[in-house]
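Read through the structure below, which is laid out as structure tokens, and then see the notes.
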Amino acid sequence: MSKPTPPSGKQLPQIEIPEDLEPVYVNVVRITHSPSEMVFDFARILPGMTPPKVISRLLMSPLSAKLFHRALGENLAKYEASFGEIKIPGDSSSLAEHLFRPPQK
């Protein structure tokens, strides 16, 4: 199944999406790297589920990862322009500390 590319000044390659491709929900990504590649392990963590199970692993060159970073930033800016700022919870602690701390009583 092909998605049509929107008309623009730049000609983008057609991307074919297989009809049987199953989307998956992830809420955790572990990123590691070597000099030649970036490794993204996508996982889902749910209450009572430990450890999180990696669902998908993506490998990218550092250049592709940087371009992905740019495209993600541009798309997040467009999203926030349409729907409002995405608020990141927490104060001075890191996002990981906030998301994965033990439940407070």
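Simple scheme: letters A, B, ... for chains in structure tokens order, numbers from 1 for residues in each chain, numbers from 1 for ligands in the order shown.
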
Any idea what's packed within 12 Å of stretch 58-63 of chain A, counting only C-alpha atoms, ignoring anything in its chain fewer than 4 positions away? Could you give it as a compact mmCIF listing (two decimals) with N, CA and C atoms, in the first residue's frame?
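Output (selection_35.txt):
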# COMPACT_ATOMS: atom_id res chain seq x y z
N VAL A 29 12.34 4.22 25.02
CA VAL A 29 13.37 3.94 24.02
C VAL A 29 14.73 4.01 24.71
N ARG A 30 15.53 2.99 24.48
CA ARG A 30 16.92 2.99 24.96
C ARG A 30 17.79 3.25 23.74
N ILE A 31 18.68 4.23 23.86
CA ILE A 31 19.53 4.60 22.73
C ILE A 31 20.98 4.32 23.09
N THR A 32 21.64 3.55 22.24
CA THR A 32 23.07 3.29 22.40
C THR A 32 23.72 3.58 21.06
N HIS A 33 25.04 3.65 21.07
CA HIS A 33 25.71 3.96 19.81
C HIS A 33 27.14 3.44 19.80
N SER A 34 27.65 3.30 18.61
CA SER A 34 29.06 3.01 18.35
C SER A 34 29.53 4.13 17.43
N PRO A 35 30.78 4.13 17.04
CA PRO A 35 31.22 5.19 16.12
C PRO A 35 30.48 5.18 14.78
N SER A 36 29.92 4.02 14.40
CA SER A 36 29.34 3.93 13.06
C SER A 36 27.82 3.79 13.03
N GLU A 37 27.18 3.59 14.19
CA GLU A 37 25.72 3.42 14.14
C GLU A 37 25.06 3.84 15.45
N MET A 38 23.79 4.18 15.32
CA MET A 38 22.94 4.47 16.47
C MET A 38 21.94 3.33 16.56
N VAL A 39 21.70 2.85 17.79
CA VAL A 39 20.78 1.74 18.01
C VAL A 39 19.64 2.25 18.89
N PHE A 40 18.41 2.09 18.41
CA PHE A 40 17.21 2.51 19.14
C PHE A 40 16.41 1.26 19.49
N ASP A 41 16.34 0.92 20.77
CA ASP A 41 15.52 -0.20 21.24
C ASP A 41 14.22 0.36 21.79
N PHE A 42 13.12 0.09 21.09
CA PHE A 42 11.81 0.59 21.49
C PHE A 42 11.11 -0.47 22.32
N ALA A 43 10.53 -0.05 23.44
CA ALA A 43 9.88 -0.99 24.36
C ALA A 43 8.60 -0.38 24.90
N VAL A 54 11.56 -5.27 24.77
CA VAL A 54 11.89 -4.56 23.53
C VAL A 54 11.01 -5.13 22.42
N LEU A 67 19.40 13.55 11.00
CA LEU A 67 18.31 14.01 10.13
C LEU A 67 16.95 13.65 10.73
N PHE A 68 16.85 12.47 11.32
CA PHE A 68 15.62 12.06 12.01
C PHE A 68 15.33 13.01 13.17
N HIS A 69 16.37 13.36 13.93
CA HIS A 69 16.23 14.30 15.05
C HIS A 69 15.67 15.63 14.55
N ARG A 70 16.20 16.11 13.43
CA ARG A 70 15.72 17.38 12.87
C ARG A 70 14.26 17.27 12.45

Report task. Please provide as a PyMOL selection string all residues within 12 Å of A:Pro23, with the sequence filter that same-chain residues fewer than 4 positions apart are discarded (counting only C-alpha atoms). Result -> chain A and resi 17-19+55-56

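If you look at atom CA of A:Ala81 and atom CA of A:Ser64, they are 25.6 Å away from each other.
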
Report summary line: What separates atom CA of A:Met49 and atom CA of A:Val28 is a distance of 12.9 Å

Requested in this report: Identify, with DSSP run on backbone atoms, the residues in stretch 27-99 of chain A assigned to alpha helix (DSSP H), and express the list as a PyMOL selection string.
Outcome: chain A and resi 62-83+95-99

Any chance you can output those residues with C-alpha atoms as a PDB file, in the first residue's frame?
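Result file part.pdb:
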ATOM      1  CA  PRO A  62      24.719   8.880  12.819  1.00  0.00           C
ATOM      2  CA  LEU A  63      23.820  11.093   9.822  1.00  0.00           C
ATOM      3  CA  SER A  64      20.399   9.437   9.451  1.00  0.00           C
ATOM      4  CA  ALA A  65      19.819   9.779  13.200  1.00  0.00           C
ATOM      5  CA  LYS A  66      20.663  13.485  13.073  1.00  0.00           C
ATOM      6  CA  LEU A  67      18.308  14.012  10.133  1.00  0.00           C
ATOM      7  CA  PHE A  68      15.616  12.061  12.010  1.00  0.00           C
ATOM      8  CA  HIS A  69      16.227  14.299  15.045  1.00  0.00           C
ATOM      9  CA  ARG A  70      15.724  17.377  12.866  1.00  0.00           C
ATOM     10  CA  ALA A  71      12.548  16.001  11.261  1.00  0.00           C
ATOM     11  CA  LEU A  72      11.145  14.996  14.660  1.00  0.00           C
ATOM     12  CA  GLY A  73      11.819  18.490  16.034  1.00  0.00           C
ATOM     13  CA  GLU A  74      10.117  20.117  13.046  1.00  0.00           C
ATOM     14  CA  ASN A  75       7.086  17.852  13.391  1.00  0.00           C
ATOM     15  CA  LEU A  76       6.826  18.401  17.158  1.00  0.00           C
ATOM     16  CA  ALA A  77       6.868  22.166  16.523  1.00  0.00           C
ATOM     17  CA  LYS A  78       4.032  21.789  13.992  1.00  0.00           C
ATOM     18  CA  TYR A  79       2.087  19.599  16.445  1.00  0.00           C
ATOM     19  CA  GLU A  80       2.476  22.145  19.249  1.00  0.00           C
ATOM     20  CA  ALA A  81       1.462  24.979  16.918  1.00  0.00           C
ATOM     21  CA  SER A  82      -1.766  23.093  16.203  1.00  0.00           C
ATOM     22  CA  PHE A  83      -2.545  21.519  19.583  1.00  0.00           C
ATOM     23  CA  LEU A  95      12.482  12.739  32.670  1.00  0.00           C
ATOM     24  CA  ALA A  96      13.582   9.111  33.189  1.00  0.00           C
ATOM     25  CA  GLU A  97      13.661   9.619  36.986  1.00  0.00           C
ATOM     26  CA  HIS A  98      10.173  11.118  36.858  1.00  0.00           C
ATOM     27  CA  LEU A  99       8.663   8.399  34.672  1.00  0.00           C
TER      28      LEU A  99
END

Report summary line: Taken to one decimal, the atom CA of A:Arg44-atom CA of A:Asn27 distance is 5.2 Å

**Report entry** strand (DSSP E or B) positions in stretch 1-95 of chain A, given as number ranges by chain
**Finding:** A: 2, 16, 28-33, 38-44, 53-60
